[in-house]
file protein_36.pdb (PDB, C-alpha atoms, pLDDT in the B column)
ATOM      1  CA  GLU P 269      17.614   3.639  -9.405  1.00 92.00           C
ATOM      2  CA  VAL P 270      14.546   4.686  -7.462  1.00 94.00           C
ATOM      3  CA  GLN P 271      15.042   4.074  -3.757  1.00 96.00           C
ATOM      4  CA  LEU P 272      13.154   4.776  -0.561  1.00 98.00           C
ATOM      5  CA  VAL P 273      14.955   4.029   2.691  1.00 98.00           C
ATOM      6  CA  GLU P 274      13.125   4.230   6.009  1.00 97.00           C
ATOM      7  CA  SER P 275      14.842   4.667   9.340  1.00 98.00           C
ATOM      8  CA  GLY P 276      14.019   5.578  12.920  1.00 98.00           C
ATOM      9  CA  GLY P 277      12.064   2.530  13.988  1.00 98.00           C
ATOM     10  CA  GLY P 278      12.598   0.861  17.340  1.00 98.00           C
ATOM     11  CA  SER P 279      11.028   0.036  20.672  1.00 98.00           C
ATOM     12  CA  VAL P 280       9.160   2.580  22.758  1.00 98.00           C
ATOM     13  CA  LYS P 281       6.858   2.499  25.766  1.00 98.00           C
ATOM     14  CA  PRO P 282       3.164   3.382  25.482  1.00 98.00           C
ATOM     15  CA  GLY P 283       2.737   7.130  25.526  1.00 98.00           C
ATOM     16  CA  GLY P 284       6.150   7.669  24.001  1.00 98.00           C
ATOM     17  CA  SER P 285       7.205   9.278  20.740  1.00 98.00           C
ATOM     18  CA  LEU P 286       9.207   8.281  17.705  1.00 98.00           C
ATOM     19  CA  ARG P 287      10.100   9.960  14.421  1.00 98.00           C
ATOM     20  CA  LEU P 288      10.485   7.936  11.269  1.00 98.00           C
ATOM     21  CA  SER P 289      12.363   9.166   8.221  1.00 98.00           C
ATOM     22  CA  CYS P 290      12.184   8.085   4.601  1.00 98.00           C
ATOM     23  CA  GLU P 291      15.060   9.214   2.417  1.00 98.00           C
ATOM     24  CA  VAL P 292      14.417   8.980  -1.296  1.00 98.00           C
ATOM     25  CA  SER P 293      16.613   9.013  -4.382  1.00 97.00           C
ATOM     26  CA  GLY P 294      16.333   8.402  -8.091  1.00 95.00           C
ATOM     27  CA  PHE P 295      13.225  10.457  -8.766  1.00 92.00           C
ATOM     28  CA  SER P 296      11.814  13.921  -8.271  1.00 95.00           C
ATOM     29  CA  PHE P 297      10.739  13.834  -4.631  1.00 97.00           C
ATOM     30  CA  SER P 298       9.431  17.392  -4.640  1.00 97.00           C
ATOM     31  CA  ARG P 299       6.931  16.474  -7.361  1.00 96.00           C
ATOM     32  CA  SER P 300       5.672  13.357  -5.578  1.00 96.00           C
ATOM     33  CA  SER P 301       2.895  12.915  -3.069  1.00 97.00           C
ATOM     34  CA  MET P 302       3.927  10.418  -0.411  1.00 98.00           C
ATOM     35  CA  THR P 303       2.049   8.057   1.880  1.00 98.00           C
ATOM     36  CA  TRP P 304       2.891   6.053   4.993  1.00 98.00           C
ATOM     37  CA  VAL P 305       1.396   2.556   5.169  1.00 98.00           C
ATOM     38  CA  ARG P 306       1.712   0.240   8.160  1.00 98.00           C
ATOM     39  CA  GLN P 307       1.333  -3.470   8.719  1.00 98.00           C
ATOM     40  CA  ALA P 308       0.842  -4.934  12.174  1.00 98.00           C
ATOM     41  CA  PRO P 309       2.520  -8.327  12.725  1.00 96.00           C
ATOM     42  CA  GLY P 310       0.676 -10.993  10.774  1.00 94.00           C
ATOM     43  CA  ARG P 311      -1.961  -8.517   9.658  1.00 96.00           C
ATOM     44  CA  GLY P 312      -2.943  -6.601   6.547  1.00 96.00           C
ATOM     45  CA  LEU P 313      -2.056  -3.181   5.193  1.00 98.00           C
ATOM     46  CA  GLU P 314      -3.361   0.117   6.540  1.00 97.00           C
ATOM     47  CA  CYS P 315      -2.837   3.618   5.182  1.00 97.00           C
ATOM     48  CA  VAL P 316      -1.551   5.893   7.932  1.00 97.00           C
ATOM     49  CA  GLY P 317      -1.561   9.169   6.073  1.00 97.00           C
ATOM     50  CA  ARG P 318      -0.496  11.151   3.048  1.00 97.00           C
ATOM     51  CA  ILE P 319       1.257  14.404   2.241  1.00 98.00           C
ATOM     52  CA  LYS P 320       0.860  16.130  -1.086  1.00 97.00           C
ATOM     53  CA  THR P 321       3.447  18.246  -2.859  1.00 97.00           C
ATOM     54  CA  LYS P 322       4.372  21.819  -2.067  1.00 96.00           C
ATOM     55  CA  THR P 323       2.535  22.807  -5.234  1.00 96.00           C
ATOM     56  CA  ASP P 324      -0.594  21.254  -3.729  1.00 95.00           C
ATOM     57  CA  GLY P 325       0.000  23.010  -0.440  1.00 96.00           C
ATOM     58  CA  GLU P 326       1.650  20.070   1.319  1.00 97.00           C
ATOM     59  CA  THR P 327      -1.859  19.032   2.306  1.00 96.00           C
ATOM     60  CA  THR P 328      -2.003  16.118   4.714  1.00 97.00           C
ATOM     61  CA  ASP P 329      -4.680  13.598   5.612  1.00 94.00           C
ATOM     62  CA  TYR P 330      -4.624  10.871   8.242  1.00 96.00           C
ATOM     63  CA  ALA P 331      -6.374   7.663   9.116  1.00 95.00           C
ATOM     64  CA  ALA P 332      -8.805   7.970  12.005  1.00 95.00           C
ATOM     65  CA  PRO P 333      -6.763   5.779  14.424  1.00 97.00           C
ATOM     66  CA  VAL P 334      -3.741   8.123  14.215  1.00 97.00           C
ATOM     67  CA  LYS P 335      -5.337  11.519  13.646  1.00 97.00           C
ATOM     68  CA  GLY P 336      -4.186  14.025  16.238  1.00 97.00           C
ATOM     69  CA  ARG P 337      -1.242  11.834  17.287  1.00 98.00           C
ATOM     70  CA  PHE P 338       0.781  11.433  14.082  1.00 98.00           C
ATOM     71  CA  THR P 339       2.152  14.179  11.834  1.00 98.00           C
ATOM     72  CA  ILE P 340       3.559  13.761   8.353  1.00 98.00           C
ATOM     73  CA  SER P 341       5.981  16.329   6.978  1.00 98.00           C
ATOM     74  CA  ARG P 342       8.540  16.607   4.217  1.00 98.00           C
ATOM     75  CA  ASP P 343      11.799  18.399   3.502  1.00 98.00           C
ATOM     76  CA  ASP P 344      12.211  18.623  -0.248  1.00 98.00           C
ATOM     77  CA  SER P 345      15.727  20.055   0.125  1.00 97.00           C
ATOM     78  CA  LYS P 346      16.761  16.819   1.840  1.00 98.00           C
ATOM     79  CA  ASN P 347      14.579  14.486  -0.255  1.00 98.00           C
ATOM     80  CA  THR P 348      13.169  13.199   3.012  1.00 98.00           C
ATOM     81  CA  LEU P 349       9.719  12.324   4.309  1.00 98.00           C
ATOM     82  CA  TYR P 350       8.941  12.199   8.023  1.00 98.00           C
ATOM     83  CA  LEU P 351       6.391  10.596  10.312  1.00 98.00           C
ATOM     84  CA  GLN P 352       6.260  12.039  13.820  1.00 98.00           C
ATOM     85  CA  MET P 353       4.411   9.642  16.100  1.00 98.00           C
ATOM     86  CA  ASN P 354       3.296  10.837  19.534  1.00 98.00           C
ATOM     87  CA  SER P 355       1.199   9.259  22.281  1.00 98.00           C
ATOM     88  CA  LEU P 356       2.023   5.846  20.921  1.00 98.00           C
ATOM     89  CA  LYS P 357      -0.227   2.917  21.754  1.00 98.00           C
ATOM     90  CA  THR P 358       0.441  -0.801  21.707  1.00 98.00           C
ATOM     91  CA  GLU P 359      -1.813  -1.070  18.659  1.00 98.00           C
ATOM     92  CA  ASP P 360       0.609   1.144  16.721  1.00 98.00           C
ATOM     93  CA  THR P 361       3.090  -1.741  16.698  1.00 98.00           C
ATOM     94  CA  ALA P 362       3.763  -2.435  13.024  1.00 98.00           C
ATOM     95  CA  VAL P 363       6.163  -2.263  10.143  1.00 98.00           C
ATOM     96  CA  TYR P 364       5.903   1.218   8.666  1.00 98.00           C
ATOM     97  CA  TYR P 365       6.449   1.689   4.936  1.00 98.00           C
ATOM     98  CA  CYS P 366       6.803   4.896   2.982  1.00 98.00           C
ATOM     99  CA  THR P 367       5.542   4.825  -0.570  1.00 98.00           C
ATOM    100  CA  THR P 368       5.175   7.111  -3.538  1.00 96.00           C
ATOM    101  CA  ASP P 369       1.565   8.096  -4.086  1.00 94.00           C
ATOM    102  CA  SER P 370       1.157   8.504  -7.842  1.00 93.00           C
ATOM    103  CA  ASP P 371      -1.664   9.019 -10.326  1.00 92.00           C
ATOM    104  CA  TYR P 372      -1.702   6.751 -13.358  1.00 92.00           C
ATOM    105  CA  PHE P 373      -3.856   7.748 -16.324  1.00 90.00           C
ATOM    106  CA  ASP P 374      -5.939   5.300 -18.328  1.00 89.00           C
ATOM    107  CA  SER P 375      -9.029   5.643 -20.494  1.00 87.00           C
ATOM    108  CA  GLY P 376      -9.868   9.130 -19.311  1.00 89.00           C
ATOM    109  CA  ALA P 377      -9.359   8.568 -15.602  1.00 90.00           C
ATOM    110  CA  PHE P 378      -6.560   9.021 -13.085  1.00 92.00           C
ATOM    111  CA  TYR P 379      -5.960   6.130 -10.735  1.00 93.00           C
ATOM    112  CA  SER P 380      -4.135   6.535  -7.447  1.00 93.00           C
ATOM    113  CA  VAL P 381      -1.410   3.926  -6.888  1.00 95.00           C
ATOM    114  CA  PHE P 382       1.369   3.210  -4.430  1.00 96.00           C
ATOM    115  CA  ASP P 383       4.056   2.361  -6.956  1.00 95.00           C
ATOM    116  CA  VAL P 384       7.393   2.496  -5.162  1.00 96.00           C
ATOM    117  CA  TRP P 385       7.890   1.285  -1.596  1.00 98.00           C
ATOM    118  CA  GLY P 386      10.635   1.394   0.981  1.00 98.00           C
ATOM    119  CA  GLN P 387      11.816  -1.723   2.783  1.00 97.00           C
ATOM    120  CA  GLY P 388       9.938  -0.827   5.958  1.00 98.00           C
ATOM    121  CA  THR P 389      10.973  -0.052   9.516  1.00 98.00           C
ATOM    122  CA  MET P 390       9.634  -1.837  12.599  1.00 98.00           C
ATOM    123  CA  VAL P 391       8.011   0.077  15.429  1.00 98.00           C
ATOM    124  CA  THR P 392       7.282  -1.806  18.642  1.00 98.00           C
ATOM    125  CA  VAL P 393       5.200  -0.188  21.367  1.00 98.00           C
ATOM    126  CA  SER P 394       5.347  -2.206  24.555  1.00 97.00           C
ATOM    127  CA  SER P 395       5.696  -1.696  28.280  1.00 96.00           C
TER     128      SER P 395
ATOM    129  CA  ASP Y  37     -15.074   3.921   5.236  1.00 92.00           C
ATOM    130  CA  ILE Y  38     -15.342   1.503   2.300  1.00 96.00           C
ATOM    131  CA  GLN Y  39     -14.789  -2.086   3.417  1.00 97.00           C
ATOM    132  CA  MET Y  40     -12.938  -4.431   1.081  1.00 98.00           C
ATOM    133  CA  THR Y  41     -13.520  -8.163   1.485  1.00 98.00           C
ATOM    134  CA  GLN Y  42     -11.332 -10.712  -0.263  1.00 98.00           C
ATOM    135  CA  SER Y  43     -12.053 -14.381  -0.744  1.00 98.00           C
ATOM    136  CA  PRO Y  44     -10.702 -16.804  -0.075  1.00 98.00           C
ATOM    137  CA  SER Y  45      -8.413 -15.732   2.782  1.00 98.00           C
ATOM    138  CA  SER Y  46      -6.012 -18.464   1.754  1.00 97.00           C
ATOM    139  CA  LEU Y  47      -5.693 -21.172  -0.832  1.00 97.00           C
ATOM    140  CA  SER Y  48      -3.368 -23.995  -1.725  1.00 97.00           C
ATOM    141  CA  ALA Y  49      -2.421 -24.465  -5.348  1.00 97.00           C
ATOM    142  CA  SER Y  50       0.127 -26.151  -7.580  1.00 96.00           C
ATOM    143  CA  VAL Y  51       2.485 -24.753 -10.157  1.00 96.00           C
ATOM    144  CA  GLY Y  52       0.592 -24.401 -13.417  1.00 97.00           C
ATOM    145  CA  ASP Y  53      -2.820 -23.966 -11.778  1.00 97.00           C
ATOM    146  CA  ARG Y  54      -5.199 -21.196 -12.763  1.00 98.00           C
ATOM    147  CA  VAL Y  55      -6.020 -19.163  -9.652  1.00 98.00           C
ATOM    148  CA  THR Y  56      -8.733 -16.588  -9.104  1.00 98.00           C
ATOM    149  CA  ILE Y  57      -9.087 -14.258  -6.117  1.00 98.00           C
ATOM    150  CA  THR Y  58     -12.145 -12.107  -5.605  1.00 98.00           C
ATOM    151  CA  CYS Y  59     -12.511  -8.728  -3.928  1.00 98.00           C
ATOM    152  CA  ARG Y  60     -15.809  -7.116  -3.014  1.00 98.00           C
ATOM    153  CA  ALA Y  61     -16.323  -3.483  -2.027  1.00 98.00           C
ATOM    154  CA  SER Y  62     -18.969  -2.417   0.466  1.00 98.00           C
ATOM    155  CA  GLN Y  63     -20.127   0.248  -1.989  1.00 98.00           C
ATOM    156  CA  THR Y  64     -19.537   0.985  -5.630  1.00 98.00           C
ATOM    157  CA  ILE Y  65     -15.995   2.099  -6.477  1.00 98.00           C
ATOM    158  CA  SER Y  66     -16.201   2.177 -10.288  1.00 96.00           C
ATOM    159  CA  ARG Y  67     -12.825   0.819 -11.428  1.00 96.00           C
ATOM    160  CA  TYR Y  68     -10.725   2.381  -8.649  1.00 97.00           C
ATOM    161  CA  LEU Y  69      -9.234  -0.901  -7.598  1.00 98.00           C
ATOM    162  CA  ASN Y  70      -5.582  -1.919  -7.341  1.00 98.00           C
ATOM    163  CA  TRP Y  71      -3.933  -5.275  -6.673  1.00 98.00           C
ATOM    164  CA  TYR Y  72      -0.632  -5.776  -4.839  1.00 98.00           C
ATOM    165  CA  GLN Y  73       1.558  -8.805  -4.235  1.00 98.00           C
ATOM    166  CA  GLN Y  74       3.535  -9.150  -1.019  1.00 98.00           C
ATOM    167  CA  LYS Y  75       6.166 -11.763  -0.253  1.00 97.00           C
ATOM    168  CA  PRO Y  76       7.268 -12.531   3.327  1.00 95.00           C
ATOM    169  CA  GLY Y  77       9.478  -9.838   4.794  1.00 95.00           C
ATOM    170  CA  LYS Y  78       9.115  -7.628   1.727  1.00 97.00           C
ATOM    171  CA  ALA Y  79       7.136  -4.544   0.814  1.00 98.00           C
ATOM    172  CA  PRO Y  80       4.039  -4.897  -1.368  1.00 98.00           C
ATOM    173  CA  ASN Y  81       4.448  -4.624  -5.128  1.00 98.00           C
ATOM    174  CA  LEU Y  82       1.868  -3.069  -7.450  1.00 98.00           C
ATOM    175  CA  LEU Y  83       0.468  -5.563  -9.965  1.00 98.00           C
ATOM    176  CA  ILE Y  84      -2.669  -4.000 -11.402  1.00 98.00           C
ATOM    177  CA  PHE Y  85      -4.281  -0.555 -11.270  1.00 97.00           C
ATOM    178  CA  GLY Y  86      -7.645   0.677 -12.445  1.00 96.00           C
ATOM    179  CA  ALA Y  87      -9.071  -2.840 -12.047  1.00 97.00           C
ATOM    180  CA  SER Y  88      -7.495  -4.279 -15.182  1.00 97.00           C
ATOM    181  CA  ASN Y  89      -4.337  -2.376 -16.169  1.00 96.00           C
ATOM    182  CA  LEU Y  90      -1.129  -4.332 -15.797  1.00 97.00           C
ATOM    183  CA  GLN Y  91       1.671  -2.414 -14.138  1.00 96.00           C
ATOM    184  CA  SER Y  92       4.851  -2.155 -16.212  1.00 95.00           C
ATOM    185  CA  GLY Y  93       7.086  -5.186 -15.785  1.00 97.00           C
ATOM    186  CA  ILE Y  94       4.375  -7.484 -14.423  1.00 98.00           C
ATOM    187  CA  PRO Y  95       3.998 -10.795 -16.305  1.00 98.00           C
ATOM    188  CA  SER Y  96       0.972 -11.180 -18.537  1.00 98.00           C
ATOM    189  CA  ARG Y  97      -0.209 -14.261 -16.614  1.00 98.00           C
ATOM    190  CA  PHE Y  98      -1.660 -11.751 -14.141  1.00 98.00           C
ATOM    191  CA  SER Y  99      -4.962 -10.147 -15.101  1.00 98.00           C
ATOM    192  CA  GLY Y 100      -7.687  -8.210 -13.373  1.00 98.00           C
ATOM    193  CA  SER Y 101     -11.315  -7.541 -14.098  1.00 98.00           C
ATOM    194  CA  GLY Y 102     -14.448  -6.072 -12.623  1.00 98.00           C
ATOM    195  CA  SER Y 103     -16.132  -2.787 -11.882  1.00 98.00           C
ATOM    196  CA  GLY Y 104     -18.604  -1.427  -9.383  1.00 98.00           C
ATOM    197  CA  THR Y 105     -18.331  -3.663  -6.338  1.00 98.00           C
ATOM    198  CA  ASP Y 106     -16.962  -6.987  -7.602  1.00 98.00           C
ATOM    199  CA  PHE Y 107     -13.438  -7.614  -8.841  1.00 98.00           C
ATOM    200  CA  THR Y 108     -11.170 -10.534  -9.614  1.00 98.00           C
ATOM    201  CA  LEU Y 109      -7.452 -11.155  -9.898  1.00 98.00           C
ATOM    202  CA  THR Y 110      -6.512 -14.142 -12.036  1.00 98.00           C
ATOM    203  CA  ILE Y 111      -3.174 -15.855 -12.389  1.00 98.00           C
ATOM    204  CA  SER Y 112      -3.445 -17.955 -15.523  1.00 98.00           C
ATOM    205  CA  SER Y 113      -0.639 -20.398 -14.763  1.00 97.00           C
ATOM    206  CA  LEU Y 114       0.832 -20.194 -11.280  1.00 97.00           C
ATOM    207  CA  GLN Y 115       4.620 -19.988 -11.126  1.00 97.00           C
ATOM    208  CA  PRO Y 116       6.866 -20.745  -8.136  1.00 95.00           C
ATOM    209  CA  GLU Y 117       7.543 -17.040  -7.585  1.00 96.00           C
ATOM    210  CA  ASP Y 118       3.796 -16.307  -7.336  1.00 97.00           C
ATOM    211  CA  PHE Y 119       3.378 -17.927  -3.934  1.00 94.00           C
ATOM    212  CA  ALA Y 120       2.671 -14.834  -1.874  1.00 97.00           C
ATOM    213  CA  THR Y 121      -0.115 -12.782  -0.313  1.00 98.00           C
ATOM    214  CA  TYR Y 122      -2.295 -10.622  -2.539  1.00 98.00           C
ATOM    215  CA  TYR Y 123      -4.162  -7.491  -1.490  1.00 98.00           C
ATOM    216  CA  CYS Y 124      -6.823  -5.457  -3.238  1.00 98.00           C
ATOM    217  CA  GLN Y 125      -7.100  -1.737  -2.492  1.00 98.00           C
ATOM    218  CA  GLN Y 126      -9.814   0.769  -3.295  1.00 97.00           C
ATOM    219  CA  THR Y 127      -8.825   4.314  -4.173  1.00 96.00           C
ATOM    220  CA  PHE Y 128     -12.309   5.620  -4.897  1.00 96.00           C
ATOM    221  CA  SER Y 129     -12.513   7.523  -1.631  1.00 93.00           C
ATOM    222  CA  ALA Y 130     -10.418   8.291   1.427  1.00 90.00           C
ATOM    223  CA  PRO Y 131      -9.334   6.470   3.455  1.00 91.00           C
ATOM    224  CA  ARG Y 132      -7.949   4.229   0.725  1.00 95.00           C
ATOM    225  CA  THR Y 133      -8.566   0.833   2.229  1.00 97.00           C
ATOM    226  CA  PHE Y 134      -7.132  -2.611   1.584  1.00 98.00           C
ATOM    227  CA  GLY Y 135      -8.675  -6.033   1.660  1.00 98.00           C
ATOM    228  CA  GLN Y 136      -7.494  -8.422   4.361  1.00 98.00           C
ATOM    229  CA  GLY Y 137      -5.311 -10.354   1.926  1.00 98.00           C
ATOM    230  CA  THR Y 138      -5.299 -13.751   0.223  1.00 98.00           C
ATOM    231  CA  LYS Y 139      -2.360 -16.027   0.858  1.00 98.00           C
ATOM    232  CA  ILE Y 140      -1.434 -18.506  -1.853  1.00 98.00           C
ATOM    233  CA  ASP Y 141       0.701 -21.399  -0.704  1.00 95.00           C
ATOM    234  CA  ILE Y 142       2.012 -24.554  -2.243  1.00 88.00           C
ATOM    235  CA  LYS Y 143      -0.296 -27.565  -2.290  1.00 88.00           C
TER     236      LYS Y 143
END
call {"tool": "encode", "arguments": {"input": "protein_36.pdb", "output": "structure tokens"}}
result
Amino acid sequence: EVQLVESGGGSVKPGGSLRLSCEVSGFSFSRSSMTWVRQAPGRGLECVGRIKTKTDGETTDYAAPVKGRFTISRDDSKNTLYLQMNSLKTEDTAVYYCTTDSDYFDSGAFYSVFDVWGQGTMVTVSS
Amino acid sequence: DIQMTQSPSSLSASVGDRVTITCRASQTISRYLNWYQQKPGKAPNLLIFGASNLQSGIPSRFSGSGSGTDFTLTISSLQPEDFATYYCQQTFSAPRTFGQGTKIDIK
């Protein structure tokens, strides 16, 4: 069974740091690009950032609101994805999901999809 | 960034109703459009990719159409388990952005 399990969420004061983990099982993690998506309370979905595979250089990209503060990394030997969050702001309060970032092929094109999700972990930034 | 606008933001419907949700992109995105369903307290679930391709395991009452800037998600006969929030997402260019969501509740 494919599973993604996030951990590390909690409460932190503005300016603080937190590291989220996403442990995966049931599929080839090392061959999968991964993305973090967040959802503020009562709000919609927002991509936080992505990390590609080692084969693709473990390239990362980030959403503008978190660039320079958040870092995504991976440890393929532990089947684990990480999100290091520094200089946290109140607007970073959200449920954070990890998701597989796959390419599905149809009619001559590859389509990027988020096809397997974790259950989410809550991060609260408040004084 | 490409802005995705869904309409309506919410709707009330009955079991058996045909429901259509629209999603408009601020610029052309070809067919790089996905739809997700999210139930309260749960992670989103992929329904449709590439504008009209049904994800494996998703019931055939769900369908998607469109290309360019205008897209629709249709549920042909609403079932009790379909009451949820639906999001479109463009993957044409980074950042891959979502619509604000459409919540379907029971009339």
call {"tool": "closest_residue", "arguments": {"input": "protein_36.pdb", "among": "Y:Tyr68, Y:Ile94, Y:Phe85, Y:Ile57", "to": "Y:Ala130", "atoms": "only C-alpha atoms"}}
result
Y:Tyr68
call {"tool": "interface_residues", "arguments": {"input": "protein_36.pdb", "of": "chain Y", "to": "chain P", "cutoff": "9 Å", "atoms": "all atoms listed in the file", "output": "NGL selection string"}}
result
:Y and (67-70 or 77-82 or 85-86 or 89 or 91 or 123 or 127-128 or 130-137)
call {"tool": "atom_distance", "arguments": {"input": "protein_36.pdb", "atom1": "atom CA of P:Pro282", "atom2": "atom CA of P:Thr348"}}
result
26.5 Å
call {"tool": "resolve_selection", "arguments": {"input": "protein_36.pdb", "expression": "the PyMOL selection byres ((chain Y and resi 138) around 8)", "output": "CSV table (one decimal) with C-alpha atoms, in the frame of the given file"}}
result
chain,number,residue,atom,x,y,z
Y,42,GLN,CA,-11.3,-10.7,-0.3
Y,43,SER,CA,-12.1,-14.4,-0.7
Y,44,PRO,CA,-10.7,-16.8,-0.1
Y,45,SER,CA,-8.4,-15.7,2.8
Y,46,SER,CA,-6.0,-18.5,1.8
Y,47,LEU,CA,-5.7,-21.2,-0.8
Y,57,ILE,CA,-9.1,-14.3,-6.1
Y,121,THR,CA,-0.1,-12.8,-0.3
Y,122,TYR,CA,-2.3,-10.6,-2.5
Y,123,TYR,CA,-4.2,-7.5,-1.5
Y,136,GLN,CA,-7.5,-8.4,4.4
Y,137,GLY,CA,-5.3,-10.4,1.9
Y,139,LYS,CA,-2.4,-16.0,0.9
Y,140,ILE,CA,-1.4,-18.5,-1.9
call {"tool": "atom_distance", "arguments": {"input": "protein_36.pdb", "atom1": "atom CA of P:Ser301", "atom2": "atom CA of P:Ser279"}}
result
28.2 Å
call {"tool": "closest_residue", "arguments": {"input": "protein_36.pdb", "among": "Y:Val55, Y:Ala87, Y:Ala49, Y:Ile38", "to": "Y:Asp106", "atoms": "only C-alpha atoms"}}
result
Y:Ala87
call {"tool": "atom_distance", "arguments": {"input": "protein_36.pdb", "atom1": "atom CA of P:Arg299", "atom2": "atom CA of P:Ser275"}}
result
21.9 Å
call {"tool": "resolve_selection", "arguments": {"input": "protein_36.pdb", "expression": "the PyMOL selection byres ((chain P and resi 354) around 6)", "output": "ChimeraX atom specification"}}
result
/P:285,337,353,355-356
call {"tool": "axis_aligned_box", "arguments": {"input": "protein_36.pdb", "around": "stretch 293-305 of chain P", "padding_each_side": "5 Å", "output": "JSON"}}
result
{"center_x": 9.0, "center_y": 10.0, "center_z": -1.8, "size_x": 25.2, "size_y": 24.8, "size_z": 23.9}
call {"tool": "closest_residue", "arguments": {"input": "protein_36.pdb", "among": "Y:Pro76, Y:Arg97, Y:Leu83, Y:Ala61", "to": "P:Pro309", "atoms": "all atoms listed in the file"}}
result
Y:Pro76
call {"tool": "resolve_selection", "arguments": {"input": "protein_36.pdb", "expression": "the PyMOL selection byres ((chain Y and resi 63) around 9)", "output": "ChimeraX atom specification"}}
result
/Y:38-39,60-62,64-65,104-105
call {"tool": "write_last_selection", "arguments": {"input": "protein_36.pdb", "atoms": "C-alpha atoms", "output": "short mmCIF file (atom, residue, chain, number, x, y, z; two decimals), keeping the file's coordinate frame"}}
result
data_model
loop_
_atom_site.label_atom_id
_atom_site.label_comp_id
_atom_site.auth_asym_id
_atom_site.auth_seq_id
_atom_site.Cartn_x
_atom_site.Cartn_y
_atom_site.Cartn_z
CA ILE Y 38 -15.34 1.50 2.30
CA GLN Y 39 -14.79 -2.09 3.42
CA ARG Y 60 -15.81 -7.12 -3.01
CA ALA Y 61 -16.32 -3.48 -2.03
CA SER Y 62 -18.97 -2.42 0.47
CA THR Y 64 -19.54 0.98 -5.63
CA ILE Y 65 -16.00 2.10 -6.48
CA GLY Y 104 -18.60 -1.43 -9.38
CA THR Y 105 -18.33 -3.66 -6.34
#
call {"tool": "closest_residue", "arguments": {"input": "protein_36.pdb", "among": "P:Thr361, P:Thr323, P:Asn347, P:Ser395", "to": "P:Phe295", "atoms": "all atoms listed in the file"}}
result
P:Asn347
call {"tool": "residues_near_point", "arguments": {"input": "protein_36.pdb", "point": "(2.5, 1.7, 19.8)", "cutoff": "7 Å", "atoms": "only C-alpha atoms", "output": "list of chain:residue names"}}
result
P:Pro282, P:Leu356, P:Lys357, P:Thr358, P:Glu359, P:Asp360, P:Thr361, P:Thr392, P:Val393, P:Ser394
call {"tool": "residues_around", "arguments": {"input": "protein_36.pdb", "residues": "Y:Thr110", "least_positions_apart": "3", "cutoff": "12 Å", "atoms": "all atoms listed in the file", "output": "VMD selection string"}}
result
chain Y and resid 53 to 59 71 83 to 84 87 to 88 90 95 to 102 107 113 to 114 118 122
call {"tool": "residues_near_point", "arguments": {"input": "protein_36.pdb", "point": "(2.0, -24.3, -7.5)", "cutoff": "8 Å", "atoms": "only C-alpha atoms", "output": "list in words"}}
result
Ser48, Ala49, Ser50, Val51, Gly52, Asp53, Leu114, Gln115, Pro116, Phe119, Asp141, Ile142 and Lys143 of chain Y
call {"tool": "build_atoms", "arguments": {"input": "protein_36.pdb", "residues": "stretch 331-343 of chain P", "atoms": "N, CA and C atoms", "output": "PDB file, in the coordinates of the input"}}
result
ATOM      1  N   ALA P 331      -5.384   8.659   8.734  1.00 95.00           N
ATOM      2  CA  ALA P 331      -6.374   7.663   9.116  1.00 95.00           C
ATOM      3  C   ALA P 331      -6.923   8.006  10.497  1.00 95.00           C
ATOM      4  N   ALA P 332      -8.152   7.637  10.740  1.00 95.00           N
ATOM      5  CA  ALA P 332      -8.805   7.970  12.005  1.00 95.00           C
ATOM      6  C   ALA P 332      -8.024   7.497  13.237  1.00 95.00           C
ATOM      7  N   PRO P 333      -7.461   6.261  13.216  1.00 97.00           N
ATOM      8  CA  PRO P 333      -6.763   5.779  14.424  1.00 97.00           C
ATOM      9  C   PRO P 333      -5.537   6.601  14.830  1.00 97.00           C
ATOM     10  N   VAL P 334      -4.978   7.387  13.906  1.00 97.00           N
ATOM     11  CA  VAL P 334      -3.741   8.123  14.215  1.00 97.00           C
ATOM     12  C   VAL P 334      -3.940   9.637  14.191  1.00 97.00           C
ATOM     13  N   LYS P 335      -5.094  10.083  13.767  1.00 97.00           N
ATOM     14  CA  LYS P 335      -5.337  11.519  13.646  1.00 97.00           C
ATOM     15  C   LYS P 335      -5.183  12.200  14.996  1.00 97.00           C
ATOM     16  N   GLY P 336      -4.430  13.287  15.003  1.00 97.00           N
ATOM     17  CA  GLY P 336      -4.186  14.025  16.238  1.00 97.00           C
ATOM     18  C   GLY P 336      -2.962  13.537  16.998  1.00 97.00           C
ATOM     19  N   ARG P 337      -2.448  12.374  16.628  1.00 98.00           N
ATOM     20  CA  ARG P 337      -1.242  11.834  17.287  1.00 98.00           C
ATOM     21  C   ARG P 337      -0.040  11.787  16.352  1.00 98.00           C
ATOM     22  N   PHE P 338      -0.292  11.554  15.069  1.00 98.00           N
ATOM     23  CA  PHE P 338       0.781  11.433  14.082  1.00 98.00           C
ATOM     24  C   PHE P 338       0.801  12.670  13.193  1.00 98.00           C
ATOM     25  N   THR P 339       2.001  13.047  12.751  1.00 98.00           N
ATOM     26  CA  THR P 339       2.152  14.179  11.834  1.00 98.00           C
ATOM     27  C   THR P 339       3.130  13.801  10.730  1.00 98.00           C
ATOM     28  N   ILE P 340       2.702  14.011   9.510  1.00 98.00           N
ATOM     29  CA  ILE P 340       3.559  13.761   8.353  1.00 98.00           C
ATOM     30  C   ILE P 340       4.096  15.097   7.852  1.00 98.00           C
ATOM     31  N   SER P 341       5.379  15.125   7.536  1.00 98.00           N
ATOM     32  CA  SER P 341       5.981  16.329   6.978  1.00 98.00           C
ATOM     33  C   SER P 341       7.026  15.911   5.940  1.00 98.00           C
ATOM     34  N   ARG P 342       7.541  16.894   5.244  1.00 98.00           N
ATOM     35  CA  ARG P 342       8.540  16.607   4.217  1.00 98.00           C
ATOM     36  C   ARG P 342       9.544  17.736   4.139  1.00 98.00           C
ATOM     37  N   ASP P 343      10.770  17.397   3.752  1.00 98.00           N
ATOM     38  CA  ASP P 343      11.799  18.399   3.502  1.00 98.00           C
ATOM     39  C   ASP P 343      12.331  18.118   2.107  1.00 98.00           C
TER      40      ASP P 343
END
